[in-house]
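The next block holds one structure in the form of C-alpha cells; read it before the comments.
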Amino acid sequence: MAPFPAPIAPLPAYVCAVIEDDRRRLLLELRPAQERHAANLLTCFGGARENDETMDAALRRELREELDWTLGASTPCCDLRGHDGRWIARFFRCPWRPAPLRTEPGVVPIWAPWSAMPALPLSPWHGVVLLAMLDGRTEAVV
C-alpha cells in the first residue's frame, strides 16, 4: 500500500477514530435518538476539530471527552471528501488499549466485527468510510 498522503491545507473540520481491538472488532457508538446528526445510527468516536487544534490534538481531546480514554498510537487511514473535493474528515486507526468503557450519557458503545459493517445501521459518512476501508481505499467521497 502506498504511504498515506501528507495533510494539505486547510485541515478537515472533523477527526474520527477507527478503534479496533485485538480480535479485529471495531468500537462504534450508537448515537441517542435526540441527536441532531446521525440519531439512532452507528458512528466512530470523534468530532469537530477546533480552529487552533492539530488533527492529533483534536482526536485525543474527543476521545477523552467521549470515552474517558487516553489514545496511544494512531495512524491516518481514510479521508472523507465531499463531491466538490472539500476535505471533510480524516479517520485514524487507533488500536484499543483495554480500559473501562465510559461514554457520554445516552451513547451506547458497540463492538462489531468488520464483516458486519455492510449490514449495520451506519451513518452515511461513517458507512462510506468504513466500506472504503474494507475495499482497501484511503479516500471516500460523500
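By order in the C-alpha cells, chains are A, B, ...; within a chain, residues start at 1; ligands start at 1, following the order shown.
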
Got a sec to tell me which of stretch 15-67 of chain A DSSP assigns to helix (DSSP H, G or I), as a list of chain:residue names? A:Met55, A:Asp56, A:Ala57, A:Ala58, A:Leu59, A:Arg60, A:Arg61, A:Glu62, A:Leu63, A:Arg64, A:Glu65, A:Glu66, A:Leu67

Would you pick out the contacts of A:Pro113 at 6 Å or less, using only C-alpha atoms, so that residues sharing its chain but fewer than 2 positions from it are not included, and give the list as number ranges by chain? A: 25, 115-116

Neighbour list for A:Asp135 as an MDAnalysis selection string, cut-off 12 Å, only C-alpha atoms, skip fewer than 3 positions in-chain: chainID A and resid 78 114:115 117:118 128:132 138:140

Output N, CA, C and O atoms for every residue in the selection just made, as a PDB file, in the first residue's frame.
```pdb
ATOM      1  N   CYS A  78      -8.083   6.930   6.401  1.00  0.00           N
ATOM      2  CA  CYS A  78      -9.020   7.260   5.334  1.00  0.00           C
ATOM      3  C   CYS A  78      -9.457   8.720   5.452  1.00  0.00           C
ATOM      4  O   CYS A  78      -9.734   9.193   6.552  1.00  0.00           O
ATOM      5  N   TRP A 114     -15.544  -6.408  11.530  1.00  0.00           N
ATOM      6  CA  TRP A 114     -15.506  -5.788  10.204  1.00  0.00           C
ATOM      7  C   TRP A 114     -16.515  -6.435   9.259  1.00  0.00           C
ATOM      8  O   TRP A 114     -17.145  -5.753   8.451  1.00  0.00           O
ATOM      9  N   SER A 115     -16.667  -7.740   9.365  1.00  0.00           N
ATOM     10  CA  SER A 115     -17.566  -8.448   8.444  1.00  0.00           C
ATOM     11  C   SER A 115     -19.018  -8.000   8.570  1.00  0.00           C
ATOM     12  O   SER A 115     -19.804  -8.174   7.645  1.00  0.00           O
ATOM     13  N   MET A 117     -19.986  -4.828   8.939  1.00  0.00           N
ATOM     14  CA  MET A 117     -20.152  -3.428   8.514  1.00  0.00           C
ATOM     15  C   MET A 117     -21.233  -3.220   7.455  1.00  0.00           C
ATOM     16  O   MET A 117     -22.051  -2.322   7.594  1.00  0.00           O
ATOM     17  N   PRO A 118     -21.270  -4.009   6.379  1.00  0.00           N
ATOM     18  CA  PRO A 118     -22.269  -3.726   5.340  1.00  0.00           C
ATOM     19  C   PRO A 118     -23.719  -3.807   5.826  1.00  0.00           C
ATOM     20  O   PRO A 118     -24.597  -3.158   5.260  1.00  0.00           O
ATOM     21  N   VAL A 128     -19.683   5.109   4.505  1.00  0.00           N
ATOM     22  CA  VAL A 128     -18.898   5.200   3.274  1.00  0.00           C
ATOM     23  C   VAL A 128     -17.400   5.052   3.576  1.00  0.00           C
ATOM     24  O   VAL A 128     -16.667   4.423   2.810  1.00  0.00           O
ATOM     25  N   VAL A 129     -16.942   5.566   4.696  1.00  0.00           N
ATOM     26  CA  VAL A 129     -15.523   5.440   5.065  1.00  0.00           C
ATOM     27  C   VAL A 129     -15.185   4.001   5.430  1.00  0.00           C
ATOM     28  O   VAL A 129     -14.196   3.437   4.945  1.00  0.00           O
ATOM     29  N   LEU A 130     -15.975   3.374   6.287  1.00  0.00           N
ATOM     30  CA  LEU A 130     -15.655   2.005   6.713  1.00  0.00           C
ATOM     31  C   LEU A 130     -15.734   1.034   5.542  1.00  0.00           C
ATOM     32  O   LEU A 130     -14.909   0.116   5.432  1.00  0.00           O
ATOM     33  N   LEU A 131     -16.683   1.222   4.640  1.00  0.00           N
ATOM     34  CA  LEU A 131     -16.760   0.357   3.459  1.00  0.00           C
ATOM     35  C   LEU A 131     -15.585   0.620   2.516  1.00  0.00           C
ATOM     36  O   LEU A 131     -15.060  -0.318   1.899  1.00  0.00           O
ATOM     37  N   ALA A 132     -15.144   1.866   2.410  1.00  0.00           N
ATOM     38  CA  ALA A 132     -13.947   2.170   1.613  1.00  0.00           C
ATOM     39  C   ALA A 132     -12.741   1.453   2.207  1.00  0.00           C
ATOM     40  O   ALA A 132     -11.930   0.867   1.468  1.00  0.00           O
ATOM     41  N   THR A 138      -8.073   4.545   0.726  1.00  0.00           N
ATOM     42  CA  THR A 138      -7.716   5.539   1.744  1.00  0.00           C
ATOM     43  C   THR A 138      -8.495   6.840   1.558  1.00  0.00           C
ATOM     44  O   THR A 138      -8.199   7.837   2.208  1.00  0.00           O
ATOM     45  N   GLU A 139      -9.482   6.827   0.659  1.00  0.00           N
ATOM     46  CA  GLU A 139     -10.324   8.008   0.460  1.00  0.00           C
ATOM     47  C   GLU A 139     -11.743   7.555   0.145  1.00  0.00           C
ATOM     48  O   GLU A 139     -11.959   6.572  -0.546  1.00  0.00           O
ATOM     49  N   ALA A 140     -12.701   8.307   0.688  1.00  0.00           N
ATOM     50  CA  ALA A 140     -14.116   8.062   0.429  1.00  0.00           C
ATOM     51  C   ALA A 140     -14.768   9.386   0.087  1.00  0.00           C
ATOM     52  O   ALA A 140     -14.344  10.435   0.565  1.00  0.00           O
TER      53      ALA A 140
END
```

Write out as JSON, numbers by chain the set of residues from chain A that DSSP, computed on the backbone, places in strand (DSSP E or B). {"A": [14, 15, 16, 17, 18, 19, 20, 25, 26, 27, 28, 29, 30, 42, 43, 45, 46, 47, 48, 75, 76, 77, 78, 79, 80, 81, 87, 88, 89, 90, 91, 92, 93, 94, 95, 108, 109, 110, 111, 112, 113, 122, 139, 140, 141]}

As a ChimeraX atom specification, please: the residues near A:Cys16 (cut-off 6 Å, only C-alpha atoms, same-chain neighbours under 3 positions excluded). /A:45-46,91

Selected residues, all heavy atoms, written as a CSV table (one decimal), in the first residue's frame, please.
```
chain,number,residue,atom,x,y,z
A,45,PHE,N,-16.1,7.1,17.0
A,45,PHE,CA,-16.0,8.1,18.0
A,45,PHE,C,-15.1,9.2,17.4
A,45,PHE,O,-14.2,9.0,16.6
A,45,PHE,CB,-15.3,7.6,19.3
A,45,PHE,CG,-16.2,6.8,20.1
A,45,PHE,CD1,-16.3,5.4,19.9
A,45,PHE,CD2,-17.1,7.3,21.1
A,45,PHE,CE1,-17.2,4.6,20.7
A,45,PHE,CE2,-17.9,6.6,21.8
A,45,PHE,CZ,-18.0,5.2,21.6
A,46,GLY,N,-15.3,10.5,17.8
A,46,GLY,CA,-14.6,11.6,17.3
A,46,GLY,C,-15.5,12.8,17.2
A,46,GLY,O,-16.6,12.8,17.7
A,91,PHE,N,-10.0,10.1,9.2
A,91,PHE,CA,-10.2,8.9,10.1
A,91,PHE,C,-8.8,8.3,10.4
A,91,PHE,O,-7.9,8.3,9.5
A,91,PHE,CB,-11.1,7.9,9.4
A,91,PHE,CG,-12.5,8.3,9.4
A,91,PHE,CD1,-13.0,9.3,8.6
A,91,PHE,CD2,-13.5,7.7,10.2
A,91,PHE,CE1,-14.3,9.7,8.5
A,91,PHE,CE2,-14.8,8.0,10.1
A,91,PHE,CZ,-15.2,9.1,9.3
```

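Closest approach to A:Tyr14 among A:Pro32, A:Pro124, A:Gly136, A:Gly47 is made by A:Gly47 (distances from only C-alpha atoms).
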
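Using only C-alpha atoms, the smallest distance between any of A:Met133, A:Leu26, A:Ala57, A:Ala73 and A:Cys44 comes from A:Leu26.
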
Residues at most 9 Å from stretch 48-52 of chain A, counting only C-alpha atoms, excluding those fewer than 3 positions away in the same chain, as an mmCIF file with all heavy atoms, in the first residue's frame?
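Final output, around_5.cif:
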```
data_model
loop_
_atom_site.group_PDB
_atom_site.id
_atom_site.type_symbol
_atom_site.label_atom_id
_atom_site.label_comp_id
_atom_site.auth_asym_id
_atom_site.auth_seq_id
_atom_site.Cartn_x
_atom_site.Cartn_y
_atom_site.Cartn_z
ATOM 1 N N LEU A 11 -7.057 22.171 6.899
ATOM 2 C CA LEU A 11 -7.294 20.899 7.573
ATOM 3 C C LEU A 11 -8.790 20.599 7.606
ATOM 4 O O LEU A 11 -9.612 21.507 7.540
ATOM 5 C CB LEU A 11 -6.735 20.950 8.994
ATOM 6 C CG LEU A 11 -5.219 21.080 9.105
ATOM 7 C CD1 LEU A 11 -4.812 21.193 10.564
ATOM 8 C CD2 LEU A 11 -4.510 19.921 8.436
ATOM 9 N N PRO A 12 -9.151 19.330 7.746
ATOM 10 C CA PRO A 12 -10.574 18.987 7.792
ATOM 11 C C PRO A 12 -11.217 19.479 9.087
ATOM 12 O O PRO A 12 -10.545 19.678 10.099
ATOM 13 C CB PRO A 12 -10.568 17.461 7.737
ATOM 14 C CG PRO A 12 -9.266 17.078 8.363
ATOM 15 C CD PRO A 12 -8.299 18.158 7.933
ATOM 16 N N ALA A 13 -12.526 19.636 9.039
ATOM 17 C CA ALA A 13 -13.268 20.104 10.206
ATOM 18 C C ALA A 13 -13.461 19.007 11.248
ATOM 19 O O ALA A 13 -13.703 19.304 12.412
ATOM 20 C CB ALA A 13 -14.627 20.648 9.769
ATOM 21 N N TYR A 14 -13.345 17.735 10.841
ATOM 22 C CA TYR A 14 -13.639 16.621 11.744
ATOM 23 C C TYR A 14 -12.510 15.599 11.751
ATOM 24 O O TYR A 14 -11.820 15.418 10.745
ATOM 25 C CB TYR A 14 -14.934 15.916 11.319
ATOM 26 C CG TYR A 14 -16.132 16.820 11.362
ATOM 27 C CD1 TYR A 14 -16.532 17.521 10.228
ATOM 28 C CD2 TYR A 14 -16.849 17.010 12.537
ATOM 29 C CE1 TYR A 14 -17.627 18.371 10.262
ATOM 30 C CE2 TYR A 14 -17.937 17.863 12.577
ATOM 31 C CZ TYR A 14 -18.319 18.538 11.442
ATOM 32 O OH TYR A 14 -19.385 19.393 11.485
ATOM 33 N N VAL A 15 -12.382 14.925 12.896
ATOM 34 C CA VAL A 15 -11.470 13.790 13.045
ATOM 35 C C VAL A 15 -12.244 12.657 13.703
ATOM 36 O O VAL A 15 -13.096 12.894 14.562
ATOM 37 C CB VAL A 15 -10.224 14.143 13.889
ATOM 38 C CG1 VAL A 15 -9.338 15.141 13.158
ATOM 39 C CG2 VAL A 15 -10.604 14.667 15.261
ATOM 40 N N CYS A 16 -11.953 11.431 13.271
ATOM 41 C CA CYS A 16 -12.674 10.271 13.804
ATOM 42 C C CYS A 16 -11.707 9.120 14.032
ATOM 43 O O CYS A 16 -10.710 8.988 13.320
ATOM 44 C CB CYS A 16 -13.765 9.825 12.832
ATOM 45 S SG CYS A 16 -15.011 11.089 12.545
ATOM 46 N N MET A 55 -4.858 17.930 14.040
ATOM 47 C CA MET A 55 -5.750 16.767 13.969
ATOM 48 C C MET A 55 -5.500 15.827 15.143
ATOM 49 O O MET A 55 -6.443 15.311 15.740
ATOM 50 C CB MET A 55 -5.580 16.059 12.628
ATOM 51 C CG MET A 55 -6.157 16.846 11.472
ATOM 52 S SD MET A 55 -6.100 15.962 9.896
ATOM 53 C CE MET A 55 -4.361 16.142 9.480
ATOM 54 N N ALA A 57 -4.295 16.527 18.177
ATOM 55 C CA ALA A 57 -4.809 17.112 19.427
ATOM 56 C C ALA A 57 -6.334 17.008 19.485
ATOM 57 O O ALA A 57 -6.898 16.696 20.536
ATOM 58 C CB ALA A 57 -4.369 18.569 19.557
ATOM 59 N N ALA A 58 -6.992 17.241 18.369
ATOM 60 C CA ALA A 58 -8.453 17.145 18.341
ATOM 61 C C ALA A 58 -8.908 15.715 18.594
ATOM 62 O O ALA A 58 -9.854 15.477 19.361
ATOM 63 C CB ALA A 58 -8.979 17.636 16.997
ATOM 64 N N LEU A 59 -8.243 14.754 17.969
ATOM 65 C CA LEU A 59 -8.611 13.349 18.166
ATOM 66 C C LEU A 59 -8.429 12.952 19.625
ATOM 67 O O LEU A 59 -9.325 12.335 20.227
ATOM 68 C CB LEU A 59 -7.764 12.466 17.256
ATOM 69 C CG LEU A 59 -8.121 10.984 17.246
ATOM 70 C CD1 LEU A 59 -9.522 10.764 16.676
ATOM 71 C CD2 LEU A 59 -7.089 10.197 16.442
ATOM 72 N N GLU A 62 -11.205 14.624 21.739
ATOM 73 C CA GLU A 62 -12.506 13.996 21.510
ATOM 74 C C GLU A 62 -12.600 12.642 22.209
ATOM 75 O O GLU A 62 -13.627 12.318 22.811
ATOM 76 C CB GLU A 62 -12.775 13.834 20.012
ATOM 77 C CG GLU A 62 -13.110 15.125 19.306
ATOM 78 C CD GLU A 62 -14.482 15.675 19.667
ATOM 79 O OE1 GLU A 62 -15.343 14.930 20.183
ATOM 80 O OE2 GLU A 62 -14.702 16.879 19.429
ATOM 81 N N ALA A 89 -13.249 15.145 6.653
ATOM 82 C CA ALA A 89 -12.777 14.470 7.870
ATOM 83 C C ALA A 89 -11.601 13.563 7.554
ATOM 84 O O ALA A 89 -11.475 13.042 6.447
ATOM 85 C CB ALA A 89 -13.901 13.642 8.487
#
```

As a ChimeraX atom specification, please: the residues near A:Val142 (cut-off 10 Å, only C-alpha atoms, same-chain neighbours under 2 positions excluded). /A:80-85,88,124-129,140

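Considering the residues A:Gly106, A:Pro121, A:Pro76, A:Pro95 and counting only C-alpha atoms, A:Arg137 has its shortest atom-to-atom contact with A:Pro76.
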
Show me, as a PDB file with C-alpha atoms, in the first residue's frame, the residues that have an atom within 10 Å of stretch 109-111 of chain A when counting only C-alpha atoms, minus same-chain residues fewer than 6 positions from it.
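Resulting contents of selection.pdb:
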```
ATOM      1  CA  ILE A  19     -10.851   1.895  17.152  1.00  0.00           C
ATOM      2  CA  GLU A  20     -10.031  -1.784  16.718  1.00  0.00           C
ATOM      3  CA  ASP A  21      -9.327  -4.413  19.365  1.00  0.00           C
ATOM      4  CA  ARG A  24     -10.453  -7.151  14.844  1.00  0.00           C
ATOM      5  CA  ARG A  25     -13.691  -5.713  16.197  1.00  0.00           C
ATOM      6  CA  LEU A  26     -14.488  -2.029  15.872  1.00  0.00           C
ATOM      7  CA  LEU A  27     -15.725   0.100  18.725  1.00  0.00           C
ATOM      8  CA  LEU A  28     -18.655   2.183  17.477  1.00  0.00           C
ATOM      9  CA  GLU A  29     -21.138   4.436  19.208  1.00  0.00           C
ATOM     10  CA  LEU A  30     -24.893   4.127  18.854  1.00  0.00           C
ATOM     11  CA  ARG A  31     -25.989   7.754  18.932  1.00  0.00           C
ATOM     12  CA  LEU A  42     -23.668   3.933  14.495  1.00  0.00           C
ATOM     13  CA  THR A  43     -20.625   6.168  14.120  1.00  0.00           C
ATOM     14  CA  CYS A  44     -16.963   6.083  15.006  1.00  0.00           C
ATOM     15  CA  PHE A  45     -15.959   8.143  18.016  1.00  0.00           C
ATOM     16  CA  LEU A  67     -14.757   7.732  26.104  1.00  0.00           C
ATOM     17  CA  LEU A 101     -15.753   1.787  28.664  1.00  0.00           C
ATOM     18  CA  ARG A 102     -17.150   5.116  29.836  1.00  0.00           C
ATOM     19  CA  THR A 103     -19.251   7.005  27.327  1.00  0.00           C
TER      20      THR A 103
END
```

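Relative to atom CA of A:Trp96, atom CA of A:Thr54 is found at 21.6 Å.
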
Would you mind reading off the distance between atom CA of A:Val18 and atom CA of A:Arg90, one decimal, in Å?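 Calculated distance between atom CA of A:Val18 and atom CA of A:Arg90 is 10.3 Å.
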
Mind giving me the straight-line distance from atom CA of A:Thr70 to atom CA of A:Glu104 in Å, one decimal?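 Taking atom CA of A:Thr70 and atom CA of A:Glu104, their separation equals 15.1 Å.
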